[in-house]
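**Q** Right, I'll just put the structure down here and ask away after.
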Amino acid sequence: MLFFGGDYNPEQWPQEVWAEDVALMRQAGVTMVSLGVFAWSHLEPEEGRFTFDWLDRIMDLLHDGGIKVALATPTASPPPWFTLAHPEGLPVTADGVRLTHGSRDTYCVSAPAYRAAARRIAAELAGRYARHPALALWHVHNEYGTDCRCDLTAEAFRSWLRKKHGDLDALNESWTTAFWSQRYSDWAQIMPPRATQYLPNPAHVLDFRRFLSDELLGAFTEQRDLLRAASPVVPITTNFVQGGWVSVDHARWASEVDVVAVDHYPAAAGIEGEAETAFGGDLARGWAGGEWLLMETAPNLIYTPGRMHAKEPGRLTRHSLNYVARGSRGAMYFQWRQPRGGAELFHSALVPHAGPDSPVFREAVGLGRALKALAPHAGGTVEARVAVGWDAPSWWALQGGGLPAADIDYPAAVQQAHRALYRAGVATDFVFPGREGFGAGLTAYRIVVLPHLFLISDESAAALREFVAGGGHLVVGHLSGIADPAGRIRLGGYPGAFRDVLGVRVVEWRPLAPGTTIALDNGDQGVRWSERVETAGAETVVGYAGDVLAGAPAITRNRFGKGVAWYVSPGLDDDALRRLLERVAAEAGVTPVLPGLPPGVEAVRQGDLVFLFNHGGTPGMVPLPGPGSNAVTGRAVTGPVTVQPGGVLVWRPA
Amino acid sequence: MLFFGGDYNPEQWPQEVWAEDVALMRQAGVTMVSLGVFAWSHLEPEEGRFTFDWLDRIMDLLHDGGIKVALATPTASPPPWFTLAHPEGLPVTADGVRLTHGSRDTYCVSAPAYRAAARRIAAELAGRYARHPALALWHVHNEYGTDCRCDLTAEAFRSWLRKKHGDLDALNESWTTAFWSQRYSDWAQIMPPRATQYLPNPAHVLDFRRFLSDELLGAFTEQRDLLRAASPVVPITTNFVQGGWVSVDHARWASEVDVVAVDHYPAAAGIEGEAETAFGGDLARGWAGGEWLLMETAPNLIYTPGRMHAKEPGRLTRHSLNYVARGSRGAMYFQWRQPRGGAELFHSALVPHAGPDSPVFREAVGLGRALKALAPHAGGTVEARVAVGWDAPSWWALQGGGLPAADIDYPAAVQQAHRALYRAGVATDFVFPGREGFGAGLTAYRIVVLPHLFLISDESAAALREFVAGGGHLVVGHLSGIADPAGRIRLGGYPGAFRDVLGVRVVEWRPLAPGTTIALDNGDQGVRWSERVETAGAETVVGYAGDVLAGAPAITRNRFGKGVAWYVSPGLDDDALRRLLERVAAEAGVTPVLPGLPPGVEAVRQGDLVFLFNHGGTPGMVPLPGPGSNAVTGRAVTGPVTVQPGGVLVWRPA
Amino acid sequence: MLFFGGDYNPEQWPQEVWAEDVALMRQAGVTMVSLGVFAWSHLEPEEGRFTFDWLDRIMDLLHDGGIKVALATPTASPPPWFTLAHPEGLPVTADGVRLTHGSRDTYCVSAPAYRAAARRIAAELAGRYARHPALALWHVHNEYGTDCRCDLTAEAFRSWLRKKHGDLDALNESWTTAFWSQRYSDWAQIMPPRATQYLPNPAHVLDFRRFLSDELLGAFTEQRDLLRAASPVVPITTNFVQGGWVSVDHARWASEVDVVAVDHYPAAAGIEGEAETAFGGDLARGWAGGEWLLMETAPNLIYTPGRMHAKEPGRLTRHSLNYVARGSRGAMYFQWRQPRGGAELFHSALVPHAGPDSPVFREAVGLGRALKALAPHAGGTVEARVAVGWDAPSWWALQGGGLPAADIDYPAAVQQAHRALYRAGVATDFVFPGREGFGAGLTAYRIVVLPHLFLISDESAAALREFVAGGGHLVVGHLSGIADPAGRIRLGGYPGAFRDVLGVRVVEWRPLAPGTTIALDNGDQGVRWSERVETAGAETVVGYAGDVLAGAPAITRNRFGKGVAWYVSPGLDDDALRRLLERVAAEAGVTPVLPGLPPGVEAVRQGDLVFLFNHGGTPGMVPLPGPGSNAVTGRAVTGPVTVQPGGVLVWRPA
C-alpha cells in the first residue's frame with residue numbers, strides 16, 4: 001500500500017463535519033491520516049483528567065471507513081494548564097526570557113515536569129489504542145527541534161559534557177578555552193550559550209547543538225519504548241523537519257525510528273522547486289537507507305519567505321509522485337482540512353476553505369487514484385552510483401559569526417551539488433560522514449561529492465582516502481575537510497583532512513566581494529569564493545585567470561591509488577558545476593538514468609519502474625528502453641513516448 | 001472662528017521668552033494654543049505637591065493676548081518620581097522587560113496607581129482652571145496608544161474577555177484554540193500575548209488589541225467625566241494618532257469626544273504627500289461625522305522614515321487649507337517654538353531655531369491672515385456620494401505573521417482606493433463597517449468601496465447587501481469579507497461575506513512574487529495579488545490574460561437587486577484603479593467636484609466655498625460655476641481663473 | 001628601535017610550539033610581542049590561586065631570543081569563575097539582560113568586585129615581572145569600551161553627575177528635562193539609559209557616554225598607578241579601539257598613557273583602504289601629539305562587514321610602513337599565530353593555519369628586515385599645516401534617533417575631509433576642540449577644517465574665531481557649531497557658534513532624499529544635504545542651482561580679521577571637496593608634501609625621510625628634491641625615481 005492522506009484534526013470541527021470528512025476521504029482514496037498531533041488540550045483538558053471519548057469515536061469512524069491512523073502523541077504542544085502548574089517546564093531564551101504558551105512547541109525538553117507529563121499522556125494513549133484496528137503507525141511528537149537555555153538545561157548539558165569529555169581538561173582542550181580566557185575550573189561554570197558580550201565560543205555552541213539533538217532523542221526514545229511495550233508490532237516514527245535552527249542530527253536519529261518520516265516544504269516557487277523536491281526525496285532516502293515516508297508537505301502551496309504561492313495545476317501530482325519515485329511509501333500532507341482559525345489558518349490543505357468544490361481537492365482525487373494503481377508495482381530500489389555528503393554538525397559549525405564570509409550557506413552548497421547532478425540526469429544518493437558505517441557504505445559508489453564538509457573525523461577522512469585509493473572518484477569543494485569534529489582547524493594548509501588525497505595545499509582564502517566574480521581560464525567565472533592553491537602532485541585542470549590569483553590552480557585533479565580526487569577551489573555557477581560533474585561522471589563510467597531526455601523532463605528509476613516528469617511547458621518526447629505499459633492506467637506504452645507539459649508518466653517494462 | 005496655533009511649552013523657556021511668544025502669536029494671528037501637554041513634572045514635581053503658579057501666569061498672559069487655550073491633562077508622561085513610587089505602574093513588553101522613564105508614554109494603563117495619579121492631576125487642573133476665561137477646550141492626555149503585557153494588564157484583559165465572551169467555551173470557540181492545543185481550562189491561564197515559541201494565535205492578538213482600545217478609552221472617559229463635572233460647557237477632546245502599533249479604534253472613540261481632534265503627519269515627501277493630506281482630512285471627517293480639528297501637523301517638515309524633509313515654500317499653506325477645506329475647524333501644529341533640547345529638538349515648529357526671522361514663521365503669518373479672512377465663511381458641509389470603508393480591527397488582523405503575503409498593507413490599500421478617487425476628482429467620505437449605525441449611514445452614498453475589509457460582521461454584510469439591492473454600487477477588493485469579527489474564515493469560497501451579492505466564488509489565492517505582475521486582458525497589469533475566481537451570476541468585465549489564470553475572471557460586475565456589485569480580484573496600479581472607479585462613478589451618476597481641472601489642480605467644495613489647490617509646477621486655468629470672489633482677499637473672481645503654481649484660491653460664489 | 005611583532009598567546013599552544021615560535025620570530029625580525037592579553041583564566045585558574053610558571057618560562061624564552069615583551073594585564077576577560085563568585089560584576093543591557101561569560105569583555109566596570117579582582121591580578125603581575133629583563137611595556141587591559149546599565153552603574157553615574165552638575169536644577173537645565181515631563185526631583189530617579197517607551201533624552205545619553213569614558217579611565221588609571229609603583233621606568237599603555245559603540249574619548253585619555261597605542265583595522269577592501277590607513281595613522285598621531293604605536297592591525301586581511309578579504313601581495317608592507325611613516329614606532333599585529341579554535345579562529349596572523357610556508361609569513365620576513373634597516377633613521381617629526389577637527393562627543397551626539405537624517409555619519413564625514421586632503425597630497429593633522437589646550441595648539445596651522453563638529457564650547461568657538469582673526473583659514477561644514485556641549489541648540493540660526501566668523505545664517509535644513517542630488521552653479525552636485533543659507537557679510541562662491549534653493553548661497557567665503565572663513569553648506573563628493581580644499585590650501589600658501597606625484601603614488605615626509613607608496617597598478621615616476629639613498633637598502637637614489645606598482649620606497653636625503 002502507498003499511504004495517502006494527511007494531518008487530520010477533527011477536534012477543530014463539529015461532529016457533523018466528521019462524517020463528511022470520512023466520505024470525502026473515501027472519495028479521494030485516502031488510506032491513512034495523522035491524528036491527534038496537537039490534541040493534548042483536548043485529550044487532557046486539566047492535568048490528569050483525560051477525555052478520550054471523541055478520539056474513540058473518530059478512530060472508529062475512520063476504521064469503519066477503511067482508513068488507517070498514524071496516531072500521534074501530542075507532546076509537541078503542552079496545554080495552557082501546563083504553564084501554570086510547571087513554570088520551570090517552559091523554555092528560556094539566550095536572553096533569559098521565559099516563553100509562555102500561546103503558540104506551540106513551548107516546553108523545555110530537559111525539564112522533568114515536561115518529560116513526566118509527556119510520558120503520562122503517551123502512556124494513556126498507548127494503553128487505550130495499542131490494539132485499535134485502525135492503528136497503523138505511532139507518530140511520536142511533531143518535528144522535534146526546540147531549544148532552551150534554562151538552568152535545568154544547563155544541568156543536563158553538563159551531564160552530557162561529562163559523558164562526552166570525561167574531565168574538564170579534555171573539554172577545555174576540545175573547546176580551545178585558552179582563547180579569550182574561557183578556561184573552566186568547575187563544571188558548574190558551564191552554561192548553555194547565553195547572551196554574552198561578543199562572539200561566543202564556536203565549539204561551545206557546536207557541542208550544545210549536539211547535546212540538544214541527543215536530549216531531544218532521549219525524549220523521543222522514552223516515548224517510543226513505552227509505545228513499543230504496549231504494541232510491539234506497530235511501527236513507530238517521528239516526523240523529521242529541517243531548518244537552520246533545528247538541532248537534530250537526522251542521520252543519527254534514523255536508526256532509532258522504524259520508518260523515517262519526513263516533512264518537506266520546498267521553498268522555491270519556480271522551476272527550482274522541482275530540484276528541491278528531488279533533493280528532499282533523495283536526502284530522506286539517504287537517512288532511511290531505503291524506503292521512507294513523506295509525512296508532510298503542502299498540497300497546493302509553496303512557502304517562500306513572506307509569501308504563499310499557489311502551485312500550478314498538476315504540480316501537486318508531480319511533486320507527490322516525485323517523492324514516491326524517490327522512495328517514499330506514499331504522500332501525506334499538512335493537512336486534510338484547512339482550519340477556520342488559529343495561527344496557520346492559511347496553510348495549505350486537501351480540503352481548502354472553499355471546500356471540496358475546488359481545484360486542489362479535485363487534483364487530490366486523481367492523485368489518490370494514481371497512487372492506488374501504482375501501489376502494487378512500487379517499492380523497488382532506487383539505485384545510484386553517485387553520493388553527496390551531508391553532515392548536520394558541519395552545517396551548525398558554518399552558522400557562527402566569526403566566519404570568513406557571513407553568507408556561507410551550507411544547505412545551499414549541498415543543494416547546488418545535488419542540483420548539478422539532478423540536471424545532469426544522474427541518480428544521486430546521500431552519505432553521512434558523521435554516521436557509523438560511513439566507510440563501509442562507500443563501496444556502493446563510484447563518485448563522492450563533498451561540498452562544505454567543514455568538519456570531519458580522522459576515521460571518515462581515512463575511509464574517503466581508501467575509497468579513492470580503491471578506484472573511487474572524489475570531488476572536494478572549498479570549506480571541506482577544514483576542521484576536526486570539535487571545530488579545531490587541521491593545520492598546515494587547507495583542506496587539512498584531504499591534502500594528501502587531493503595533492504594540493506591551500507595557503508590563503510580569498511572570499512569574493514558580493515556581486516563580484518573571478519575569471520577562470522576555461523571561460524567560466526568563479527563566484528563567492530577563491531583561494532590561493534598550491535599543487536603538490538595534482539594536475540591543474542582549470543586555473544584562475546583574474547585578480548592576483550591569475551595563473552594559479554583553481555580546479556585540480558589528482559590520481560591517488562586507483563582513483564581520482566578533484567579539488568574545486570572556487571564557487572561555480574550551476575551550469576559550470578554541472579559540466580564539471582558530467583566530466584567526472586564520464587570518467588567514472590556513471591551514466592544518466594535515461595539518456596537523451598528533452599529539456600524539462602526528469603526520469604527516476606525505481607526498481608523496474610521509470611517515472612517521467614515533464615516540468616517544462618512543451619510536450620517532451622522520451623525514448624524508452626523497450627516495450628511496457630503505463631503503470632497507472634495499465635495501457636501499453638512503447639517508446640518513444642510523449643510526456644505532456646506538467647505531466648507524469650510512470651512506465652513499467654513489459 | 002478657525003483655530004490657528006499649536007502645542008506651546010512655556011515650561012521649556014525662561015519667562016522672558018513668554019512675552020515674546022505672545023507678541024509673535026499675535027503677529028501670526030494665533031487664536032489658540034495647546035498648553036501643558038507634557039507638563040506633569042512641572043505641575044507636580046513631587047507626588048502630591050503641585051506648582052500651578054507658572055501655569056496661572058501663562059494662562060493669564062495668553063488670555064491678555066486674546067489667545068485661547070486647549071488645556072491638556074499631562075497624563076501621557078508621568079514624571080520620574082512615579083517610577084520609583086509605583087514600579088508596577090510601568091509598562092512591560094512581550095519579552096517581560098519593564099520599561100522605565102526617560103522618554104514619554106511610559107505607564108501601564110491598567111495599573112491602578114497610574115490611573116489614580118492621572119485622575120489626581122486631572123482633577124487638580126479641573127479644579128483650578130475650569131472657569132479660566134482663556135480655556136476653550138480640554139485636551140485630555142496625548143495620542144493614546146500605549147501597550148503593556150504585565151500581570152495587571154493580564155487581570156484587566158481577563159475581565160474584559162469575561163464580559164465579551166461570557167464563558168471559556170465561547171472564548172475557546174471564538175479563538176479556535178483547538179488549533180495547536182491551546183484550549184483554556186481556567187481563566188487564569190489567559191495572558192496578554194507574550195513572547196512565545198512561534199506564531200501566536202491571531203484571535204488572541206486581535207482581542208488583545210480590542211481590549212487595549214477599550215482600556216485606553218476607559219482611561220480617557222474617566223478623565224473626561226471628571227473634567228465635564230468641573231466645567232460642563234467646555235468641550236473635551238483627545239488627539240487621535242494613527243500607526244500600525246496603535247491599538248485604538250478611533251471610529252468607536254469618536255462618539256466619546258466632543259470634538260474629533262486628529263494628529264496627522266503625511267509621510268510622503270513628494271507630490272504623493274498631497275493625496276495623503278486629503279486622505280487624512282477625509283478620514284478625520286469620517287470619524288467625526290462632520291467637523292473636526294487638526295490638532296497637530298508639522299508646519300514645515302515631512303517626516304519620511306529616517307529623514308526630515310523641509311516643505312517647499314507655500315506647502316505649509318496648501319496643506320493647512322486642505323485640512324480646513326475637508327472639515328477641520330482650523331490648523332494647529334506641533335509645535336509653536338522649536339525646543340533647544342530634548343528628544344524632538346529637530347521637530348518642526350512655527351518659530352524654529354532660527355527664530356521668527358525665518359521662512360516658516362513668515363509663511364505662518366500669511367496663513368494666519370488667510371484663516372482669519374476665511375473664518376466667517378467656513379463651516380459648510382463637505383458632501384460626498386462615494387464612501388470608502390475603514391476598519392481598524394481589519395488592519396490589526398492583517399498585521400499578523402501567518403498571512404498569505406507578508407507585505408499585505410491595510411492602510412496602503414485603503415489609501416490607494418482613496419487616492420484613485422482623489423485623482424478622479426471625486427469627493428470621498430469614509431464609512432466604518434464596525435461602527436453602530438453603519439447600515440443606516442449608507443443611504444447617503446451611491447458608491448461604497450471596500451479595500452482589504454478582512455473582517456466583517458453578519459449585520460454589516462447584510463447592510464451592504466441591502467445597499468446594493470436598493471440601487472447602490474459596491475466595489476469589493478480582494479481580502480475583503482474573508483472572516484467574521486473573530487477572524488474565523490467564512491467557508492465555502494472567498495469572499496464569504498459577499499459571494500452572493502458579487503455573484504463570484506474565489507477558490508484559490510495566488511499572491512504574486514515581489515516585482516512580478518500578471519497581465520489582464522484589457523491591457524492593464526495585475527500587481528501583488530491574483531486569484532482563481534469563478535463567476536456565479538456575475539459578468540466578467542476584465543479577465544486574467546497571463547499565467548495559469550489566463551481566461552479566468554479578474555474584475556466582475558454583478559447586477560443585484562437594483563444595484564451593481566463589482567469584484568476586483570487583482571491588485572491594480574493607481575492609474576488602472578482610477579479608470580475603473582471612474583467607470584463605476586459614471587454608471588452611478590457620480591461626478592467630480594469640478595469637471596475639467598488641469599493636471600495638478602485639486603478642488604474641494606465645502607458648503608458654498610470651492611477650495612482650489614495647484615500642487616503642480618505650472619499655472620492652472622480653472623473654470624468656475626459662476627461669478628464670485630476670493631474668500632480670503634474679497635476680490636471679485638469670475639472664472640476661468642488661474643491658480644498659480646503652489647498656490648491656493650478659495651472661491652466663494654456671489 | 002621600531003617595534004615589530006604582535007599578540008602572542010602561547011597559552012593556546014603546547015610547549016613544543018613555543019620553541020618554533022621564538023625561532024620564527026627571530027627569522028622574521030620580531031622585536032616585541034604582546035603577552036597575556038587574554039590569559040586571566042590561565043594565570044588565576046581559581047579565585048586567588050595563581051599559576052605563573054608558564055608565563056615565567058615564556059618570558060625567559062623570549063628574553064633569551066632577544067624579544068621584548070609588552071606584558072598585558074588580562075582584565076578584559078574575567079574567567080568563568082568570576083561569574084559564579086560575583087554575579088553582580090557581570091554587565092546588564094538596557095533591556096535588563098545580565099550577560100554571562102562565554103565570550104570576552106563581560107564585566108561591569110563599575111562593580112567593586114570586578115575592580116578588586118582586576119587590581120589583584122594586575123598587582124600580582126606587577127610584583128612578579130616588574131623587573132623582568134624582557135619587559136618593555138605594560139599593556140593594560142585590551143580595548144576599553146564596555147557598557148553596562150546595572151544598578152551599580154546607576155550609582156556610579158549619579159556620583160559622576162553630582163560632580164559635574166552640582167545640583168539637580170543644573171542637571172535639569174542641562175538636559176532640558178522640561179521636554180516630555182522628565183524633570184528629576186531626586187538623584188535616585190536618575191538611571192543609566194534603559195529600555196523606555198520611545199526616543200530617549202539625547203543629553204541623558206550623551207552624559208552617560210561621557211561618564212562611561214571617565215569610568216573606564218578610572219579603571220585604567222588605578223591599574224596604571226599600581227604598575228607604575230612597581231616599575232617606575234617601564235612605560236604603560238592601553239590599546240585604543242574605535243567604533244560607534246565605544247564610549248571612550250581617546251583625545252582626553254591620551255594624556256594618561258605613556259605611549260598612545262592604537263588598534264586600527266581599515267574596513268575598505270579596495271583602494272579606499274589606503275586612505276583609511278592614512279586616516280588612522282594621522283588620527284593616532286593627533287591623539288599622541290607626536291609618536292605613537294600601532295598595537296594591532298590585521299596582517300593579511302581586511303575585514304569588511306560580513307567578509308574577510310585577503311590583502312594583495314605587498315599590501316601588508318605598504319600598510320605597515322604607512323603607519324610608520326605617519327608616526328608609529330613600529331608595526332604590531334593581531335596576531336602572531338592563528339589559533340586552532342576559539343571565536344576568532346579565522347582572524348589574521350603572521351603565522352597562519354598554513355604555517356610559515358605561506359605568503360603572509362614570507363612577506364612578514366621581508367618587512368621585518370625593512371623595519372630593522374629603517375629604525376636608525378626613523379623618529380623624525382611629521383609636519384602639517386592643515387588640521388581636521390575630531391570630537392568623540394560630537395560623534396555620540398549624532399548617533400541618536402531623532403536627528404534630521406538617520407544616515408548622518410560622523411566618522412564618514414571626518415574621513416571624507418581627511419581623504420580630500422590626502423588626495424590633494426597635503427599633510428594633515430587632527431585637532432580636538434574638546435581637549436584642553438585646543439586654542440593654543442591652533443597656532444601651528446594655516447587651515448582648520450571642521451566636518452560635523454556638532455558640539456562646541458564657547459571657549460573653543462572663541463579660539464577658532466581668534467585663529468581666523470589672526471590670519472587662519474577656517475572651513476566649516478554643515479552640522480558644525482550647532483549646539484553647546486550639552487547638546488542644546490545655539491539659537492538664532494545655524495551654525496550658532498560660527499555665524500559671526502562665517503558671515504552666514506542658516507534658516508532651514510533640507511536633507512536630500514537618498515539617491516538624489518542638488519545642482520550647484522559651478523557644475524558640481526550637492527549630495528546628502530542642503531540648506532537655506534543667508535549671507536551676512538560673506539561672499540557666495542558657489543550657489544545652489546536646483547530645487548527651491550536655486551540662486552541661494554551654497555559655499556561662502558568670509559574675510560574675518562586677517563583670515564578667511566568658508567562655509568560649505570551642501571555635502572560634496574570626494575572630487576569636489578578635494579578641489580575646494582585645494583583652493584583653500586592655495587590661498588593659505590599650503591603646498592603638497594611632494595608636488596607632481598603621478599596618480600596612485602602617495603608621499604609622506606617624516607623628518608628627513610620621504611616615504612613613497614605606489615598604490616596603483618603602474619610604475620610611478622617621482623621627482624625628488626635632491627640626491628639621497630634608499631633608507632632600507634642604503635643604495636643611492638637620485639630623482640626622478642620609479643616606484644613599482646604596489647611598492648614602497650623610503651628615501652633619505654644625502
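For the C-alpha cells, the naming scheme is as follows: chains receive sequential letters (A, B, ...) according to their order of presentation, residues are indexed from 1 within each chain, and ligands are indexed from 1 in presentation order.
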Could you pull the residues within 8 Å of B:Gly102, counting only C-alpha atoms, minus those fewer than 5 positions along the same chain, as a list of chain:residue names?
**A**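 My reading of the contact set: B:Pro80, C:Gln182, C:Pro193, C:Arg194, C:Thr196, C:Pro200, C:Asn201.
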**Q** Kindly export the residues of the current selection with N, CA and C atoms, as a PDB file, in the first residue's frame.
**A**
ATOM      1  N   PRO B  80       9.502  61.242  36.588  1.00  0.00           N
ATOM      2  CA  PRO B  80      10.378  60.203  37.142  1.00  0.00           C
ATOM      3  C   PRO B  80       9.980  59.724  38.542  1.00  0.00           C
TER       4      PRO B  80
ATOM      5  N   GLN C 182      10.275  65.238  32.084  1.00  0.00           N
ATOM      6  CA  GLN C 182      11.334  64.381  32.615  1.00  0.00           C
ATOM      7  C   GLN C 182      12.078  65.001  33.792  1.00  0.00           C
ATOM      8  N   PRO C 193      20.659  55.135  30.766  1.00  0.00           N
ATOM      9  CA  PRO C 193      19.634  54.947  29.739  1.00  0.00           C
ATOM     10  C   PRO C 193      19.242  53.463  29.667  1.00  0.00           C
ATOM     11  N   ARG C 194      17.973  53.229  29.876  1.00  0.00           N
ATOM     12  CA  ARG C 194      17.465  51.848  29.834  1.00  0.00           C
ATOM     13  C   ARG C 194      16.302  51.790  28.862  1.00  0.00           C
ATOM     14  N   THR C 196      13.078  52.109  27.227  1.00  0.00           N
ATOM     15  CA  THR C 196      11.974  53.003  27.544  1.00  0.00           C
ATOM     16  C   THR C 196      11.003  52.987  26.371  1.00  0.00           C
ATOM     17  N   PRO C 200      14.848  58.321  23.651  1.00  0.00           N
ATOM     18  CA  PRO C 200      15.403  58.774  24.924  1.00  0.00           C
ATOM     19  C   PRO C 200      15.793  60.256  24.852  1.00  0.00           C
ATOM     20  N   ASN C 201      16.104  60.800  26.005  1.00  0.00           N
ATOM     21  CA  ASN C 201      16.618  62.172  26.080  1.00  0.00           C
ATOM     22  C   ASN C 201      18.075  62.168  25.605  1.00  0.00           C
TER      23      ASN C 201
END
**Q** Check stretch 65-304 of chain B with DSSP on the backbone and list each residue it calls alpha helix (DSSP H), as a PyMOL selection string.
**A** chain B and resi 80-85+112-129+151-165+168-174+202-230+250-253+272-288
**Q** Compile the contact shell of A:Val564 as a VMD selection string: residues with an atom at most 10 Å away, counting only C-alpha atoms, same-chain residues fewer than 6 positions apart removed.
**A** chain A and resid 447 467 to 475 501 to 502 538 557 to 558 584 587 to 588
**Q** Fewer than 2 positions away in the same chain doesn't count, so skip those; otherwise give me all residues within 12 Å of B:Gln399, counting only C-alpha atoms, as an MDAnalysis selection string.
**A** chainID B and resid 200 202:203 205:206 209 243:247 392:397 401:411 452 454
**Q** Would you mind listing what lies within 12 Å of B:Ser77 as number ranges by chain, with only C-alpha atoms counted and same-chain residues fewer than 4 positions away left out?
**A** B: 36-44, 72-73, 81-83, 90, 100-109, 114, 117-118, 121, 141-144, 146; C: 177-183, 196-198
**Q** Show which residues sit within 12 Å of A:Gln15, as a ChimeraX atom specification. Count only C-alpha atoms, and ignore same-chain residues fewer than 5 positions away.
**A** /A:9-10,20-22,54-55,57-58,61
**Q** Mind checking which residues fall within 9 Å of B:Ala461, counting only C-alpha atoms, ignoring those fewer than 6 positions away in the same chain, and posting them as a PyMOL selection string?
**A** chain B and resi 433+481+497-498
**Q** Put those residues in a file: C-alpha atoms, as a PDB file, in the first residue's frame.
**A**
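New file part.pdb:
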ATOM      1  CA  PRO B 433     -18.446  48.808   8.978  1.00  0.00           C
ATOM      2  CA  GLY B 481     -15.253  39.842   3.551  1.00  0.00           C
ATOM      3  CA  ALA B 497     -19.489  37.575   3.255  1.00  0.00           C
ATOM      4  CA  PHE B 498     -20.012  38.887  -0.262  1.00  0.00           C
TER       5      PHE B 498
END
**Q** Taking only C-alpha atoms into account, name the residue in A:Val260, A:Val610, A:Met332, A:Leu35 that is nearest to A:Gly380.
**A**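 For A:Gly380, the nearest of the candidates is A:Val610.
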**Q** Please give the complete set of residues from stretch 47-274 of chain A that DSSP, run on the backbone, assigns to strand (DSSP E), formatted as a list in words.
**A**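 Everything in stretch 47-274 of chain A that counts as strand (DSSP E) is Lys68, Val69, Ala70, Leu71, Ala72, Leu135, Ala136, Leu137, Trp138, His139, Ile236, Thr237, Asn239, Phe240, Ala261, Val262 and Asp263 of chain A.
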**Q** What does the distance from atom CA of B:Gly368 to atom CA of B:Ala28 come to in Å, to one decimal?
**A** 5.5 Å
